[in-house]
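In what follows, a structure is listed as structure tokens, so that the remarks can point back to it.
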Amino acid sequence: MKVLLAALLIIPFVAMAQEQLPDTIEAGWKGKPVCEVLFEDEKIRTGTCIYPPGVGQDRHSHGPYFTYIISGGTLKVTSERGTVESTSSVGDSGQSNGVKWHELENVGDTTLKYLFIEQKYKK
């Protein structure tokens with residue numbers, strides 16, 4: 001597992017913030033969507049997120065999830081723990097117990113794309 005997955009996925013789950021942050025799908029980049037739902041039911045949501053160079057995802061939160069890297073790249077991840085920059089490769093994967101909040105930006109020169117499967121939670 002690469003450092004990117006650690007930054008994205010191994011952030012300890014803490015009770016959701018008092019403020020209402022958007023979820024993975026609601027949080028776009030400067031008002032434009034970056035994630036698409038492929039399947040959703042009452043328990044899970046599956047989709048893809050695509051970050052061309054210079055694009056990211058505004059601050060958001062989500063419950064437990066799994067990700068699989070379809071197209072690798074370099075991502076800057078900012079959370080309550082600080083900012084980490086890391087690179088992922090095709091086929092990397094990982095899981096998280098959830099994220100209180102984080103925001104992302106593709107600081108590399110390739111388009112990063114990943115598949116996610118997340119459990120739904122109540123805000």
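Residue numbering restarts at 1 for every chain of the structure tokens, chains are lettered A, B, ... in their displayed order, and ligands are numbered from 1 as they appear.
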
As a ChimeraX atom specification, please: every residue in stretch 3-113 of chain A that a backbone DSSP assignment puts in alpha helix (DSSP H). /A:3-9

Just want the 10 Å neighbourhood of A:Ile70, counted on only C-alpha atoms, with same-chain residues fewer than 5 positions away dropped. Output as a count of residues only. 13

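Among the candidates A:Leu75, A:Val55, A:Ile69, A:Val84, the residue lying nearest to A:Gly31 is A:Val55 (atoms considered: only C-alpha atoms).
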
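What separates atom CA of A:His60 from atom CA of A:Ile117 is a distance of 15.8 Å.
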
Can you tell me which residues surround stretch 100-107 of chain A at a distance of at most 6 Å, considering only C-alpha atoms, apart from same-chain residues fewer than 2 positions away, and format the answer as a PDB file with C-alpha atoms, in the first residue's frame?
ATOM      1  CA  VAL A  14     -13.690  10.225  14.880  1.00  0.00           C
ATOM      2  CA  MET A  16     -18.544  13.311  12.622  1.00  0.00           C
ATOM      3  CA  PRO A  53      -3.943  17.744 -12.719  1.00  0.00           C
ATOM      4  CA  GLY A  54      -4.790  20.829 -10.636  1.00  0.00           C
ATOM      5  CA  VAL A  55      -8.220  19.475  -9.613  1.00  0.00           C
ATOM      6  CA  GLY A  56      -9.164  18.073  -6.232  1.00  0.00           C
ATOM      7  CA  GLN A  57     -12.095  17.721  -3.893  1.00  0.00           C
ATOM      8  CA  ASP A  58     -13.336  20.321  -1.441  1.00  0.00           C
ATOM      9  CA  ARG A  59     -13.538  19.525   2.274  1.00  0.00           C
ATOM     10  CA  HIS A  60     -15.863  16.600   2.998  1.00  0.00           C
ATOM     11  CA  SER A  61     -16.475  13.707   5.379  1.00  0.00           C
ATOM     12  CA  THR A  74       0.224  12.513  -6.868  1.00  0.00           C
ATOM     13  CA  LEU A  75      -2.292  13.900  -4.420  1.00  0.00           C
ATOM     14  CA  LYS A  76      -2.027  16.476  -1.641  1.00  0.00           C
ATOM     15  CA  VAL A  77      -4.340  15.515   1.245  1.00  0.00           C
ATOM     16  CA  THR A  78      -5.160  17.969   4.022  1.00  0.00           C
ATOM     17  CA  SER A  79      -6.953  16.857   7.187  1.00  0.00           C
TER      18      SER A  79
END

Identify all residues of chain A in strand (DSSP E or B) (DSSP on the backbone) and supply them as a short mmCIF file (atom, residue, chain, number, x, y, z; two decimals) with N, CA and C atoms, in the first residue's frame.
data_model
loop_
_atom_site.label_atom_id
_atom_site.label_comp_id
_atom_site.auth_asym_id
_atom_site.auth_seq_id
_atom_site.Cartn_x
_atom_site.Cartn_y
_atom_site.Cartn_z
N TRP A 29 -15.32 20.08 -6.73
CA TRP A 29 -14.13 20.94 -6.75
C TRP A 29 -14.57 22.29 -7.31
N LYS A 32 -17.90 22.14 -9.08
CA LYS A 32 -18.08 21.17 -10.16
C LYS A 32 -17.89 19.76 -9.62
N CYS A 35 -16.94 13.28 -8.58
CA CYS A 35 -17.28 11.89 -8.31
C CYS A 35 -18.63 11.55 -8.92
N GLU A 36 -18.78 10.28 -9.29
CA GLU A 36 -20.01 9.79 -9.91
C GLU A 36 -20.44 8.51 -9.21
N VAL A 37 -21.72 8.40 -8.90
CA VAL A 37 -22.27 7.19 -8.28
C VAL A 37 -22.51 6.15 -9.37
N LEU A 38 -22.01 4.93 -9.13
CA LEU A 38 -22.25 3.81 -10.04
C LEU A 38 -23.36 2.90 -9.53
N PHE A 39 -23.45 2.77 -8.20
CA PHE A 39 -24.47 1.95 -7.56
C PHE A 39 -24.71 2.49 -6.16
N GLU A 40 -25.98 2.43 -5.73
CA GLU A 40 -26.31 2.87 -4.38
C GLU A 40 -27.56 2.14 -3.90
N ILE A 44 -24.86 0.89 1.12
CA ILE A 44 -23.57 1.26 0.52
C ILE A 44 -23.76 2.15 -0.71
N ARG A 45 -22.65 2.77 -1.08
CA ARG A 45 -22.59 3.57 -2.31
C ARG A 45 -21.26 3.26 -2.97
N THR A 46 -21.28 3.02 -4.27
CA THR A 46 -20.09 2.74 -5.04
C THR A 46 -19.98 3.78 -6.15
N GLY A 47 -18.78 4.24 -6.40
CA GLY A 47 -18.60 5.23 -7.46
C GLY A 47 -17.15 5.42 -7.83
N THR A 48 -16.94 6.40 -8.69
CA THR A 48 -15.59 6.76 -9.10
C THR A 48 -15.39 8.24 -8.87
N CYS A 49 -14.14 8.61 -8.62
CA CYS A 49 -13.74 10.01 -8.52
C CYS A 49 -12.57 10.21 -9.46
N ILE A 50 -12.59 11.33 -10.19
CA ILE A 50 -11.55 11.63 -11.17
C ILE A 50 -10.98 13.01 -10.88
N TYR A 51 -9.65 13.08 -10.75
CA TYR A 51 -8.95 14.33 -10.47
C TYR A 51 -7.88 14.59 -11.53
N GLY A 56 -9.11 18.85 -7.46
CA GLY A 56 -9.16 18.07 -6.23
C GLY A 56 -10.59 17.88 -5.78
N GLN A 57 -10.77 17.87 -4.48
CA GLN A 57 -12.10 17.72 -3.89
C GLN A 57 -12.15 18.58 -2.65
N ASP A 58 -13.18 19.43 -2.59
CA ASP A 58 -13.34 20.32 -1.44
C ASP A 58 -13.54 19.51 -0.16
N ARG A 59 -13.43 20.17 0.96
CA ARG A 59 -13.54 19.53 2.27
C ARG A 59 -14.84 18.73 2.37
N HIS A 60 -14.71 17.48 2.85
CA HIS A 60 -15.86 16.60 3.00
C HIS A 60 -15.58 15.55 4.05
N SER A 61 -16.62 14.80 4.41
CA SER A 61 -16.48 13.71 5.38
C SER A 61 -17.19 12.49 4.83
N HIS A 62 -16.85 11.33 5.38
CA HIS A 62 -17.58 10.11 5.02
C HIS A 62 -17.31 9.01 6.00
N TYR A 65 -14.95 3.18 4.29
CA TYR A 65 -14.90 2.96 2.84
C TYR A 65 -13.66 2.16 2.42
N PHE A 66 -13.73 1.68 1.18
CA PHE A 66 -12.65 0.97 0.51
C PHE A 66 -12.38 1.70 -0.80
N THR A 67 -11.11 1.83 -1.19
CA THR A 67 -10.78 2.42 -2.48
C THR A 67 -9.83 1.54 -3.26
N TYR A 68 -9.92 1.66 -4.59
CA TYR A 68 -9.05 0.95 -5.53
C TYR A 68 -8.59 1.96 -6.57
N ILE A 69 -7.28 2.09 -6.76
CA ILE A 69 -6.73 3.07 -7.70
C ILE A 69 -6.80 2.51 -9.12
N ILE A 70 -7.52 3.23 -9.99
CA ILE A 70 -7.66 2.86 -11.40
C ILE A 70 -6.57 3.53 -12.23
N SER A 71 -6.25 4.77 -11.88
CA SER A 71 -5.20 5.53 -12.55
C SER A 71 -4.46 6.33 -11.49
N GLY A 73 -1.44 8.71 -9.44
CA GLY A 73 -0.97 10.09 -9.52
C GLY A 73 -0.51 10.59 -8.17
N THR A 74 -0.26 11.89 -8.09
CA THR A 74 0.22 12.51 -6.87
C THR A 74 -0.86 13.42 -6.31
N LEU A 75 -1.19 13.20 -5.06
CA LEU A 75 -2.29 13.90 -4.42
C LEU A 75 -1.81 14.56 -3.14
N LYS A 76 -2.26 15.78 -2.91
CA LYS A 76 -2.03 16.48 -1.64
C LYS A 76 -3.31 16.32 -0.83
N VAL A 77 -3.20 15.76 0.36
CA VAL A 77 -4.34 15.52 1.24
C VAL A 77 -4.17 16.34 2.50
N THR A 78 -5.18 17.16 2.81
CA THR A 78 -5.16 17.97 4.02
C THR A 78 -6.29 17.51 4.92
N SER A 79 -5.96 17.28 6.20
CA SER A 79 -6.95 16.86 7.19
C SER A 79 -6.60 17.55 8.50
N GLY A 82 -2.96 17.60 9.38
CA GLY A 82 -1.98 18.32 8.58
C GLY A 82 -2.11 17.99 7.11
N THR A 83 -1.04 18.26 6.36
CA THR A 83 -1.04 18.04 4.91
C THR A 83 0.04 17.04 4.55
N VAL A 84 -0.34 16.09 3.70
CA VAL A 84 0.57 15.05 3.22
C VAL A 84 0.47 14.99 1.71
N GLU A 85 1.60 14.88 1.05
CA GLU A 85 1.63 14.70 -0.40
C GLU A 85 2.17 13.31 -0.68
N SER A 86 1.47 12.56 -1.54
CA SER A 86 1.91 11.19 -1.80
C SER A 86 1.47 10.74 -3.19
N THR A 87 2.09 9.67 -3.64
CA THR A 87 1.85 9.14 -4.98
C THR A 87 1.30 7.73 -4.89
N SER A 88 0.33 7.42 -5.76
CA SER A 88 -0.25 6.08 -5.82
C SER A 88 -0.06 5.51 -7.22
N SER A 93 -4.79 -0.31 -3.23
CA SER A 93 -6.11 -0.32 -2.60
C SER A 93 -5.95 -0.18 -1.10
N GLY A 94 -7.04 0.12 -0.44
CA GLY A 94 -7.00 0.24 1.00
C GLY A 94 -8.38 0.51 1.56
N GLN A 95 -8.44 0.58 2.88
CA GLN A 95 -9.72 0.83 3.54
C GLN A 95 -9.54 1.82 4.67
N SER A 96 -10.65 2.40 5.11
CA SER A 96 -10.65 3.37 6.20
C SER A 96 -11.90 3.15 7.04
N VAL A 99 -13.67 9.21 7.76
CA VAL A 99 -12.88 10.43 7.82
C VAL A 99 -13.76 11.55 8.36
N LYS A 100 -13.30 12.18 9.43
CA LYS A 100 -14.02 13.33 9.98
C LYS A 100 -14.09 14.43 8.94
N TRP A 101 -12.95 14.72 8.31
CA TRP A 101 -12.90 15.62 7.16
C TRP A 101 -11.53 15.51 6.50
N HIS A 102 -11.52 15.74 5.21
CA HIS A 102 -10.29 15.95 4.47
C HIS A 102 -10.61 16.66 3.17
N GLU A 103 -9.58 17.22 2.55
CA GLU A 103 -9.71 17.85 1.24
C GLU A 103 -8.51 17.43 0.42
N LEU A 104 -8.69 17.35 -0.89
CA LEU A 104 -7.69 16.76 -1.76
C LEU A 104 -7.37 17.68 -2.93
N GLU A 105 -6.14 17.56 -3.46
CA GLU A 105 -5.77 18.27 -4.68
C GLU A 105 -4.72 17.46 -5.43
N ASN A 106 -4.95 17.26 -6.72
CA ASN A 106 -3.99 16.56 -7.58
C ASN A 106 -2.88 17.54 -7.91
N LEU A 112 -5.68 11.31 -11.80
CA LEU A 112 -5.88 10.27 -10.79
C LEU A 112 -7.35 9.86 -10.81
N LYS A 113 -7.61 8.55 -10.83
CA LYS A 113 -8.98 8.05 -10.82
C LYS A 113 -9.05 6.86 -9.88
N TYR A 114 -10.09 6.85 -9.03
CA TYR A 114 -10.25 5.70 -8.16
C TYR A 114 -11.70 5.29 -8.02
N LEU A 115 -11.88 4.04 -7.68
CA LEU A 115 -13.17 3.45 -7.39
C LEU A 115 -13.32 3.43 -5.87
N PHE A 116 -14.51 3.76 -5.38
CA PHE A 116 -14.74 3.69 -3.94
C PHE A 116 -16.01 2.92 -3.64
N ILE A 117 -16.01 2.27 -2.50
CA ILE A 117 -17.20 1.61 -1.95
C ILE A 117 -17.28 2.09 -0.52
N GLU A 118 -18.36 2.81 -0.19
CA GLU A 118 -18.47 3.35 1.16
C GLU A 118 -19.77 2.94 1.83
N GLN A 119 -19.67 2.71 3.13
CA GLN A 119 -20.87 2.45 3.92
C GLN A 119 -21.54 3.78 4.20
#
